[in-house]
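Enquirer: Got a structure for you, questions after.
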Amino acid sequence: MQELLAILPPGSREYEVARSLDPARLPAHVGIIMDGNGRWARRRSLPRAAGHRAGVEPVRMSVETCARLGIRSLTLYAFSAENWKRPRTEVETLWRLLHYYLGREVAHLMENNIRLRAIGRIHALPKEVRRQLEDAVAATAGNSGLILNLAINYSGRAEIVDAVNALIEEARLAGALDRLVVDEESLASRLSTAGQPDVDLLIRTSGELRISNFLLWQIAYAELYVTPTLWPDFDRLALLEAIAAYQKRDRRFGGIEAVHGAPVEQGSLIGVPGPAA
Ligand code: IPE
Ligand code: IPE
Ligand code: MG
């Protein structure tokens, strides 16, 4: 938190909103559906690619802000398994931008102790981008600060199916297929976010009221925050306002008492939540 205040101009709106946050009740895991690049470009009579390019800066800002706040995990939805339906030129633009982002940002991730992870079926990516992504993941693997999950060629349903198949395959190899019982803990442990907390705060920009196949399992009890702001316009103040709104929510997890946004560990949503803060 102090690390964030240190870079904000005292007296600015960002500074005031950041200062109003309760550091003890930050979301442990923030997920963002970064939507609205195309509409942002259309409003300016620009090609959709210009919107995607303008969407790089809010990515950088979100990563830096979450790292400085001391948030544990940030998952950014960059490309869905369904986004292959778009024109090939647009898809290629997105790979070029990923290449550009990784080329510039890995040093920054290292400096800020951020661990990059790729979630999604990344084997389907163009070879060069995939290799660059794998190198960046490997280079940052020893970092212990923010975990940045980039969801690329990601499908929440596919992730759950892959997890189930992994459990079946392990049981088969152990000769224990006939005794296999899948439970919530074992399934969660084979997801790409294994070991990370469930999503506390899910942000979607551009006003669409849908999940679009993002982190289906991990958002079971996430607080949803949808803003009409288009992704390229999503600035630091907008992110801090989302977190401030999250801190005002009463989270009950099915009970009758508010749990006040205390970080919830993976799997602990089952049964009785921790004591009300
Ligand atoms: C989000 O912006 C970026 C990706 C899905 C890759 P869109 O490209 O979906 O923008 P809109 O929804 O068409 O405005
Ligand atoms: C969701 O946005 C995927 C990403 C942000 C990467 P879309 O723009 O693809 O979602 P729909 O098609 O509007 O549901
Ligand atoms: Mg969209």
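Going by the structure tokens order, chains are called A, B, ..., each with residues numbered from 1, while ligands are numbered from 1 in the order shown.
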Counting only C-alpha atoms and all ligand atoms, what residues are within 9 Å of ligand 2, given as a ChimeraX atom specification?

Expert: /A:32-38,76-83,151-154,204-205,208-214

Enquirer: Could you please write out, as a count of residues only, every residue of range 52-267 of chain A that DSSP assigns to alpha helix (DSSP H)?

Expert: 89

Enquirer: Would you mind listing what lies within 12 Å of Ala188 in chain A as a count of residues only, with only C-alpha atoms counted and same-chain residues fewer than 4 positions away left out?

Expert: 27

Enquirer: Where does DSSP see strand (DSSP E or B) in range 33-236 of chain A, if you list the residues as a ChimeraX atom specification?

Expert: /A:33,73-80,115-119,147-154,201-205,223-227

Enquirer: Given the choices A:Lys248, A:Arg44, A:His29, A:Arg72, which gets closest to Ser144 in chain A if the distance is worked out from only C-alpha atoms?

Expert: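 Of A:Lys248, A:Arg44, A:His29, A:Arg72, the one nearest Ser144 in chain A is A:Arg72, counting only C-alpha atoms.
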